[in-house]
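Enquirer: Contents are mmCIF, C-alpha atoms; file name final-v3.cif:
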```cif
data_coords
#
loop_
_atom_site.label_atom_id
_atom_site.label_comp_id
_atom_site.auth_asym_id
_atom_site.auth_seq_id
_atom_site.Cartn_x
_atom_site.Cartn_y
_atom_site.Cartn_z
CA MET A 1 117.09 38.38 35.47
CA ARG A 2 117.41 41.51 37.57
CA VAL A 3 114.30 42.40 39.57
CA GLU A 4 113.93 45.81 41.20
CA ALA A 5 111.07 47.51 42.99
CA LYS A 6 110.29 50.95 41.61
CA THR A 7 107.35 53.27 41.39
CA ASN A 8 105.44 52.98 38.12
CA GLU A 9 106.85 56.31 37.00
CA GLU A 10 110.46 55.39 37.80
CA ALA A 11 110.01 52.04 36.07
CA ALA A 12 108.47 53.70 33.00
CA LYS A 13 111.36 56.17 32.84
CA SER A 14 114.14 53.59 33.00
CA CYS A 15 112.66 50.86 30.77
CA ASP A 16 112.96 50.27 27.04
CA ILE A 17 109.81 48.17 26.85
CA ALA A 18 106.88 48.58 29.23
CA ILE A 19 104.45 45.72 29.79
CA LEU A 20 101.31 47.04 31.46
CA ALA A 21 100.86 44.06 33.75
CA VAL A 22 97.87 45.45 35.58
CA PRO A 23 94.75 43.50 36.46
CA ASP A 24 92.33 45.82 34.63
CA LEU A 25 92.30 48.80 32.30
CA PRO A 26 94.23 51.54 34.14
CA THR A 27 92.43 54.76 34.95
CA PRO A 28 93.02 57.72 32.59
CA ASP A 29 94.94 59.44 35.43
CA PHE A 30 97.30 56.52 35.84
CA LEU A 31 98.10 56.47 32.12
CA ALA A 32 98.30 60.27 31.82
CA ALA A 33 100.98 60.32 34.51
CA LEU A 34 103.07 57.80 32.56
CA ALA A 35 102.44 59.25 29.08
CA PRO A 36 105.39 61.68 29.02
CA VAL A 37 107.97 59.04 30.00
CA LEU A 38 106.55 56.34 27.72
CA ARG A 39 106.75 58.47 24.56
CA GLU A 40 108.62 56.66 21.76
CA LYS A 41 108.78 53.48 23.86
CA LEU A 42 107.34 50.06 23.08
CA VAL A 43 104.32 49.50 25.35
CA ILE A 44 102.67 46.09 25.48
CA SER A 45 99.07 45.76 26.65
CA PRO A 46 98.18 42.30 27.98
CA ILE A 47 95.10 43.89 29.55
CA VAL A 48 91.74 42.11 29.56
CA PRO A 49 88.86 44.14 31.05
CA LEU A 50 87.25 41.19 32.84
CA VAL A 51 83.97 41.33 34.69
CA ILE A 52 81.99 38.68 36.52
CA LYS A 53 78.43 38.73 35.23
CA ASP A 54 75.82 36.30 36.60
CA GLY A 55 78.63 34.22 38.07
CA VAL A 56 80.69 33.81 34.88
CA PHE A 57 83.66 35.62 33.39
CA ALA A 58 82.76 38.11 30.66
CA LEU A 59 84.35 41.09 28.94
CA ALA A 60 83.36 44.57 30.14
CA SER A 61 81.21 46.23 27.49
CA SER A 62 83.05 48.53 25.13
CA GLU A 63 83.26 49.13 21.41
CA GLU A 64 87.03 49.52 21.74
CA SER A 65 89.74 47.13 22.81
CA ALA A 66 91.71 47.87 25.99
CA ALA A 67 94.77 48.16 23.73
CA GLU A 68 93.14 50.94 21.67
CA ARG A 69 92.25 52.81 24.86
CA VAL A 70 95.82 52.46 26.13
CA ALA A 71 97.19 53.78 22.81
CA LYS A 72 94.88 56.81 22.94
CA ALA A 73 96.01 57.58 26.49
CA LEU A 74 99.72 57.27 25.61
CA PRO A 75 100.30 59.52 22.61
CA GLY A 76 103.62 58.86 20.91
CA ALA A 77 104.10 55.44 22.51
CA ARG A 78 104.46 52.42 20.20
CA VAL A 79 101.62 50.26 21.51
CA ALA A 80 101.05 46.57 20.78
CA SER A 81 98.83 44.04 22.53
CA ALA A 82 100.05 40.55 23.42
CA PHE A 83 99.99 37.92 26.18
CA GLN A 84 96.26 38.31 26.97
CA THR A 85 95.81 34.54 26.79
CA VAL A 86 98.98 33.58 28.67
CA PRO A 87 98.02 32.78 32.26
CA SER A 88 99.78 35.06 34.75
CA PRO A 89 101.11 32.12 36.84
CA MET A 90 102.97 31.05 33.70
CA LEU A 91 104.32 34.49 32.83
CA SER A 92 105.66 34.89 36.34
CA ARG A 93 107.66 31.66 35.95
CA LEU A 94 109.74 32.67 32.96
CA SER A 95 111.84 29.56 33.30
CA ALA A 96 108.80 27.47 32.38
CA GLU A 97 108.99 26.20 28.84
CA LEU A 98 105.99 28.14 27.62
CA ASP A 99 104.75 26.63 24.36
CA TYR A 100 101.73 28.64 23.25
CA ASP A 101 100.56 30.83 20.38
CA VAL A 102 100.42 34.53 21.20
CA LEU A 103 98.18 36.73 19.07
CA VAL A 104 99.77 40.16 18.70
CA THR A 105 98.03 43.31 17.48
CA ALA A 106 99.60 46.61 16.51
CA ASP A 107 98.72 49.47 14.19
CA SER A 108 102.03 49.24 12.34
CA LYS A 109 104.05 46.34 11.06
CA GLN A 110 107.19 47.76 12.67
CA VAL A 111 105.65 47.89 16.14
CA TYR A 112 104.33 44.36 15.57
CA GLN A 113 107.84 43.17 14.74
CA GLU A 114 109.32 44.67 17.90
CA ALA A 115 106.59 43.04 20.01
CA ALA A 116 107.00 39.74 18.13
CA LYS A 117 110.71 39.74 18.91
CA LEU A 118 109.93 40.04 22.63
CA VAL A 119 107.33 37.23 22.44
CA SER A 120 109.76 34.95 20.57
CA SER A 121 112.41 35.50 23.23
CA ILE A 122 110.23 33.77 25.88
CA GLY A 123 110.20 29.95 25.95
CA LYS A 124 108.60 28.55 22.81
CA LEU A 125 105.98 31.26 22.45
CA ARG A 126 104.98 31.80 18.81
CA PRO A 127 103.86 35.34 17.94
CA LEU A 128 101.10 35.60 15.32
CA TYR A 129 100.10 38.96 13.87
CA ALA A 130 96.33 39.33 14.30
CA GLY A 131 95.82 42.84 12.86
CA PRO A 132 95.51 46.38 14.16
CA LEU A 133 94.81 47.28 17.81
CA SER A 134 91.04 47.15 17.17
CA VAL A 135 91.37 43.36 16.72
CA SER A 136 92.63 43.14 20.28
CA ARG A 137 88.96 43.36 21.33
CA VAL A 138 88.26 39.81 20.08
CA VAL A 139 91.65 38.60 21.33
CA GLU A 140 90.83 39.98 24.79
CA ALA A 141 87.54 38.02 24.64
CA ILE A 142 89.43 34.72 24.42
CA THR A 143 90.55 35.10 28.04
CA PRO A 144 87.11 34.95 29.71
CA ALA A 145 86.19 32.06 27.37
CA ILE A 146 89.27 30.12 28.53
CA LEU A 147 88.77 31.11 32.19
CA ASN A 148 85.20 29.76 32.20
CA ALA A 149 86.26 26.50 30.54
CA THR A 150 89.21 26.22 32.94
CA ARG A 151 87.01 26.61 35.94
CA TYR A 152 84.30 24.15 34.88
CA ASN A 153 86.76 21.53 33.65
CA LYS A 154 89.52 21.97 36.26
CA LEU A 155 92.18 22.51 33.60
CA GLY A 156 94.95 24.20 35.57
CA SER A 157 96.30 27.29 33.78
CA PRO A 158 95.89 26.59 30.08
CA SER A 159 96.65 28.86 27.16
CA ILE A 160 95.91 28.27 23.48
CA LYS A 161 97.49 26.89 20.36
CA LEU A 162 96.17 27.20 16.85
CA VAL A 163 96.26 23.70 15.37
CA MET B 1 76.21 8.98 6.21
CA ARG B 2 72.92 9.60 4.44
CA VAL B 3 72.65 13.04 2.85
CA GLU B 4 69.31 14.37 1.67
CA ALA B 5 68.18 17.72 0.33
CA LYS B 6 65.19 19.10 2.16
CA THR B 7 63.66 22.44 2.92
CA ASN B 8 64.69 23.84 6.29
CA GLU B 9 61.24 23.11 7.66
CA GLU B 10 61.20 19.50 6.43
CA ALA B 11 64.70 18.99 7.81
CA ALA B 12 63.75 20.49 11.16
CA LYS B 13 60.68 18.24 11.33
CA SER B 14 62.51 14.98 10.65
CA CYS B 15 65.70 15.55 12.66
CA ASP B 16 66.53 14.69 16.27
CA ILE B 17 69.33 17.25 16.51
CA ALA B 18 69.42 20.45 14.45
CA ILE B 19 72.72 22.21 13.78
CA LEU B 20 72.02 25.72 12.57
CA ALA B 21 74.80 25.75 9.99
CA VAL B 22 74.02 29.17 8.60
CA PRO B 23 76.56 31.86 7.80
CA ASP B 24 75.08 34.50 10.10
CA LEU B 25 72.40 34.95 12.75
CA PRO B 26 69.12 33.90 11.07
CA THR B 27 66.36 36.46 10.78
CA PRO B 28 63.59 36.31 13.39
CA ASP B 29 61.21 35.15 10.61
CA PHE B 30 63.43 32.25 9.68
CA LEU B 31 63.61 31.06 13.26
CA ALA B 32 59.94 31.70 13.99
CA ALA B 33 59.00 29.41 11.09
CA LEU B 34 61.12 26.60 12.55
CA ALA B 35 60.19 27.15 16.20
CA PRO B 36 57.13 24.84 16.30
CA VAL B 37 58.98 21.86 14.79
CA LEU B 38 62.14 22.35 16.87
CA ARG B 39 60.31 22.30 20.21
CA GLU B 40 61.88 19.77 22.61
CA LYS B 41 64.72 19.11 20.15
CA LEU B 42 68.43 19.63 20.67
CA VAL B 43 69.48 22.67 18.62
CA ILE B 44 73.17 23.52 18.25
CA SER B 45 74.24 27.06 17.38
CA PRO B 46 77.68 27.26 15.75
CA ILE B 47 76.73 30.79 14.65
CA VAL B 48 79.24 33.64 14.73
CA PRO B 49 77.83 37.04 13.74
CA LEU B 50 80.91 38.15 11.78
CA VAL B 51 81.39 41.56 10.24
CA ILE B 52 84.28 43.08 8.33
CA LYS B 53 85.19 46.40 9.93
CA ASP B 54 88.04 48.51 8.52
CA GLY B 55 89.23 45.49 6.58
CA VAL B 56 89.45 43.05 9.49
CA PHE B 57 87.12 40.41 10.92
CA ALA B 58 85.16 41.54 13.98
CA LEU B 59 82.05 40.49 15.89
CA ALA B 60 78.81 42.37 15.18
CA SER B 61 77.96 44.52 18.19
CA SER B 62 75.52 43.00 20.61
CA GLU B 63 75.21 42.52 24.34
CA GLU B 64 73.91 39.00 23.71
CA SER B 65 75.48 35.96 22.15
CA ALA B 66 74.03 34.58 18.93
CA ALA B 67 73.21 31.43 20.91
CA GLU B 68 71.10 33.41 23.41
CA ARG B 69 69.21 35.06 20.56
CA VAL B 70 68.58 31.66 18.93
CA ALA B 71 67.29 30.28 22.25
CA LYS B 72 64.89 33.22 22.67
CA ALA B 73 63.55 32.68 19.14
CA LEU B 74 63.05 28.93 19.65
CA PRO B 75 61.00 28.54 22.84
CA GLY B 76 61.01 24.99 24.15
CA ALA B 77 64.05 23.92 22.13
CA ARG B 78 67.09 22.63 24.04
CA VAL B 79 69.74 25.03 22.74
CA ALA B 80 73.51 24.66 23.10
CA SER B 81 76.33 26.43 21.28
CA ALA B 82 79.34 24.57 19.91
CA PHE B 83 81.64 24.33 16.88
CA GLN B 84 82.09 28.12 16.45
CA THR B 85 85.86 27.67 16.25
CA VAL B 86 85.87 24.61 14.02
CA PRO B 87 86.54 25.76 10.45
CA SER B 88 83.70 24.86 8.09
CA PRO B 89 86.04 23.13 5.58
CA MET B 90 86.91 20.72 8.40
CA LEU B 91 83.33 20.14 9.53
CA SER B 92 82.31 19.31 5.99
CA ARG B 93 84.99 16.59 5.86
CA LEU B 94 83.76 14.48 8.73
CA SER B 95 86.24 11.76 7.85
CA ALA B 96 89.08 14.12 8.77
CA GLU B 97 90.61 13.26 12.12
CA LEU B 98 89.55 16.46 13.81
CA ASP B 99 91.59 16.95 16.97
CA TYR B 100 90.47 20.21 18.57
CA ASP B 101 88.89 21.50 21.75
CA VAL B 102 85.27 22.57 21.39
CA LEU B 103 83.87 25.00 23.94
CA VAL B 104 80.21 24.20 24.54
CA THR B 105 77.69 26.46 26.26
CA ALA B 106 74.20 25.59 27.46
CA ASP B 107 71.86 26.84 30.15
CA SER B 108 71.46 23.37 31.67
CA LYS B 109 73.91 20.62 32.41
CA GLN B 110 71.62 18.09 30.73
CA VAL B 111 71.55 20.00 27.45
CA TYR B 112 75.33 20.39 27.71
CA GLN B 113 75.72 16.65 28.10
CA GLU B 114 73.64 15.91 25.01
CA ALA B 115 75.67 18.41 22.98
CA ALA B 116 78.95 17.06 24.42
CA LYS B 117 77.98 13.55 23.32
CA LEU B 118 77.54 14.79 19.75
CA VAL B 119 80.89 16.64 19.85
CA SER B 120 82.69 13.57 21.23
CA SER B 121 81.30 11.44 18.42
CA ILE B 122 83.25 13.44 15.80
CA GLY B 123 86.95 12.61 15.31
CA LYS B 124 88.97 13.49 18.39
CA LEU B 125 86.99 16.60 19.28
CA ARG B 126 87.04 17.28 23.03
CA PRO B 127 83.96 19.06 24.41
CA LEU B 128 84.59 21.49 27.26
CA TYR B 129 81.72 23.05 29.16
CA ALA B 130 82.22 26.84 29.12
CA GLY B 131 79.10 27.98 30.97
CA PRO B 132 75.61 29.24 30.11
CA LEU B 133 74.57 30.52 26.67
CA SER B 134 75.66 34.07 27.63
CA VAL B 135 79.28 32.83 27.61
CA SER B 136 78.88 31.96 23.95
CA ARG B 137 79.44 35.68 23.26
CA VAL B 138 83.15 35.41 24.15
CA VAL B 139 83.40 32.00 22.49
CA GLU B 140 81.95 33.50 19.29
CA ALA B 141 84.65 36.21 19.51
CA ILE B 142 87.41 33.61 19.19
CA THR B 143 86.45 33.02 15.55
CA PRO B 144 87.27 36.52 14.19
CA ALA B 145 90.50 36.47 16.25
CA ILE B 146 91.53 33.18 14.61
CA LEU B 147 90.37 34.33 11.15
CA ASN B 148 92.52 37.46 11.30
CA ALA B 149 95.57 35.51 12.48
CA THR B 150 94.93 32.87 9.82
CA ARG B 151 94.80 35.43 7.08
CA TYR B 152 97.92 37.35 8.10
CA ASN B 153 99.99 34.24 8.81
CA LYS B 154 98.67 31.96 6.04
CA LEU B 155 97.76 29.23 8.49
CA GLY B 156 95.27 27.14 6.47
CA SER B 157 92.13 26.34 8.48
CA PRO B 158 93.22 26.17 12.10
CA SER B 159 91.12 25.62 15.17
CA ILE B 160 92.19 25.76 18.81
CA LYS B 161 93.43 23.57 21.59
CA LEU B 162 93.76 24.52 25.23
CA VAL B 163 97.25 23.48 26.27
#
```
What does this structure look like when you write it as structure tokens?
Expert:
Amino acid sequence: MRVEAKTNEEAAKSCDIAILAVPDLPTPDFLAALAPVLREKLVISPIVPLVIKDGVFALASSEESAAERVAKALPGARVASAFQTVPSPMLSRLSAELDYDVLVTADSKQVYQEAAKLVSSIGKLRPLYAGPLSVSRVVEAITPAILNATRYNKLGSPSIKLV
Amino acid sequence: MRVEAKTNEEAAKSCDIAILAVPDLPTPDFLAALAPVLREKLVISPIVPLVIKDGVFALASSEESAAERVAKALPGARVASAFQTVPSPMLSRLSAELDYDVLVTADSKQVYQEAAKLVSSIGKLRPLYAGPLSVSRVVEAITPAILNATRYNKLGSPSIKLV
């Protein structure tokens, strides 16, 4: 794998697929700056708007998923959500034999299929279509649920499987 | 197992542990009627306030979990949430060798431990403490995520495991 350091704008310009690996929902300015270069590209949102509330992980209040907000801010981009539940330490070790289920949302079946192909290319990840981008809201909620359980039960960096 | 038909109030009076196996958040009247007889008892909320929105499963809007609302309506009861992600066809076949992870929330460690004991007594279910009743909100959200994936991918009646 080739790794290069670039500005976000340079990276967005040269990529075919952009994964918004940012710790929280980007600001509208950040996305607006990238919107022109991400047009027509596949953009994956693994974003989970986490907050700590009364000492536990929760989801920031919103009627919309982070993925829907990304799609609105990037007109013309083909946006899917995926990887919310895959712990970042695992995603940064792509050699690890990742064997999880990855719920994928997208507003069109074609965009889903492109995202699913990417998911399938990593370890033993199994993509599962979960519906349109609005469904990403409940998928994003799985992350704070897992993080709380992980912390109280000292579980390492778990992800999920549907069994 | 002994199965008897009773009114909700009779059942609440004679039980040691009450599992509120109702399809949606009960009305305040329903809970108020049971509150006196459920005082000091262990009450488990597996409730997920599901809605269908634009043709997909979602969680009814609320800042609070169903479990928190149950606890407020049942003063003096020892309320925990559990089983939200265990499909009802599986829970009704208690002979099935259920082998899932069950996230459990409760506002005290003692109530958690009582609920965990019940979870552990069923098949190979593994209870995992996920935090106070407020965390049940994100646990409840896992159910519509699974239901959507189940429907689009024809998965049967899956539950989850943290792996």
Enquirer: When the PyMOL selection byres ((chain B) within 6 of (chain A)) is applied to the file above, which residues end up in the set, as JSON, numbers by chain?
Expert: {"B": [129, 130, 138, 139, 141, 142, 145, 148, 149, 158, 159, 160, 161, 162, 163]}
Enquirer: Could you list the residues chosen by the PyMOL selection byres ((chain B and resi 83) around 7) in this structure as a ChimeraX atom specification?
Expert: /B:46,82,84-86,102
Enquirer: Env of region 16-22 of chain B: 7 Å cut, atoms = only C-alpha atoms, seq-sep filter 5 positions within chain, self excluded. Answer as a list in words.
Expert: Lys41, Leu42, Val43, Ile44, Ser45, Pro46 and Ile47 of chain B
Enquirer: Starting from the shown file, work through the PyMOL selection byres ((chain B and resi 1-13) around 7) and note down what comes out as a PyMOL selection string.
Expert: chain B and resi 14-15+18+34+37-38
Enquirer: Restricting the calculation to only C-alpha atoms, which member of B:Val79, B:Ser120, B:Ser95, B:Met90 is positioned closest to Ser108 (chain B)?
Expert: B:Val79
Enquirer: What's around Glu40 (chain A) at 9 Å? Count only C-alpha atoms, leave out sequence neighbours fewer than 3 positions away in its own chain, and write the answer as JSON, numbers by chain.
Expert: {"A": [37, 75, 76, 77, 78]}
Enquirer: Rank B:Tyr112, B:Ala66, B:Asp107, B:Gly123 by their smallest atom-to-atom distance to Pro26 (chain B), using only C-alpha atoms, and report the top residue only.
Expert: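 Nearest candidate to Pro26 (chain B) out of B:Tyr112, B:Ala66, B:Asp107, B:Gly123: B:Ala66.
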Enquirer: How far is it from CA of Ile122 (chain A) to CA of Ser92 (chain A), in Å with one decimal?
Expert: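 According to the coordinates, CA of Ile122 (chain A) and CA of Ser92 (chain A) are separated by 11.5 Å.
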Enquirer: To box region 36-40 of chain B, take all atoms listed in the file, fit an axis-aligned box, add 6 Å on each side, and give centre and edge lengths in Å to one decimal, as lines of an AutoDock Vina configuration file.
Expert:
```
center_x = 59.6
center_y = 22.3
center_z = 18.7
size_x = 17.0
size_y = 17.1
size_z = 19.8
```
Enquirer: Please report the interatomic distance between CA of Asp24 (chain B) and CA of Leu50 (chain B) in Å with one decimal.
Expert: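 Value for the CA of Asp24 (chain B)-CA of Leu50 (chain B) distance: 7.1 Å.
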Enquirer: Report, in Å to a single decimal, how far apart CA of Ala116 (chain B) and CA of Ala80 (chain B) are.
Expert: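 We find that CA of Ala80 (chain B) and CA of Ala116 (chain B) lie 9.4 Å from each other.
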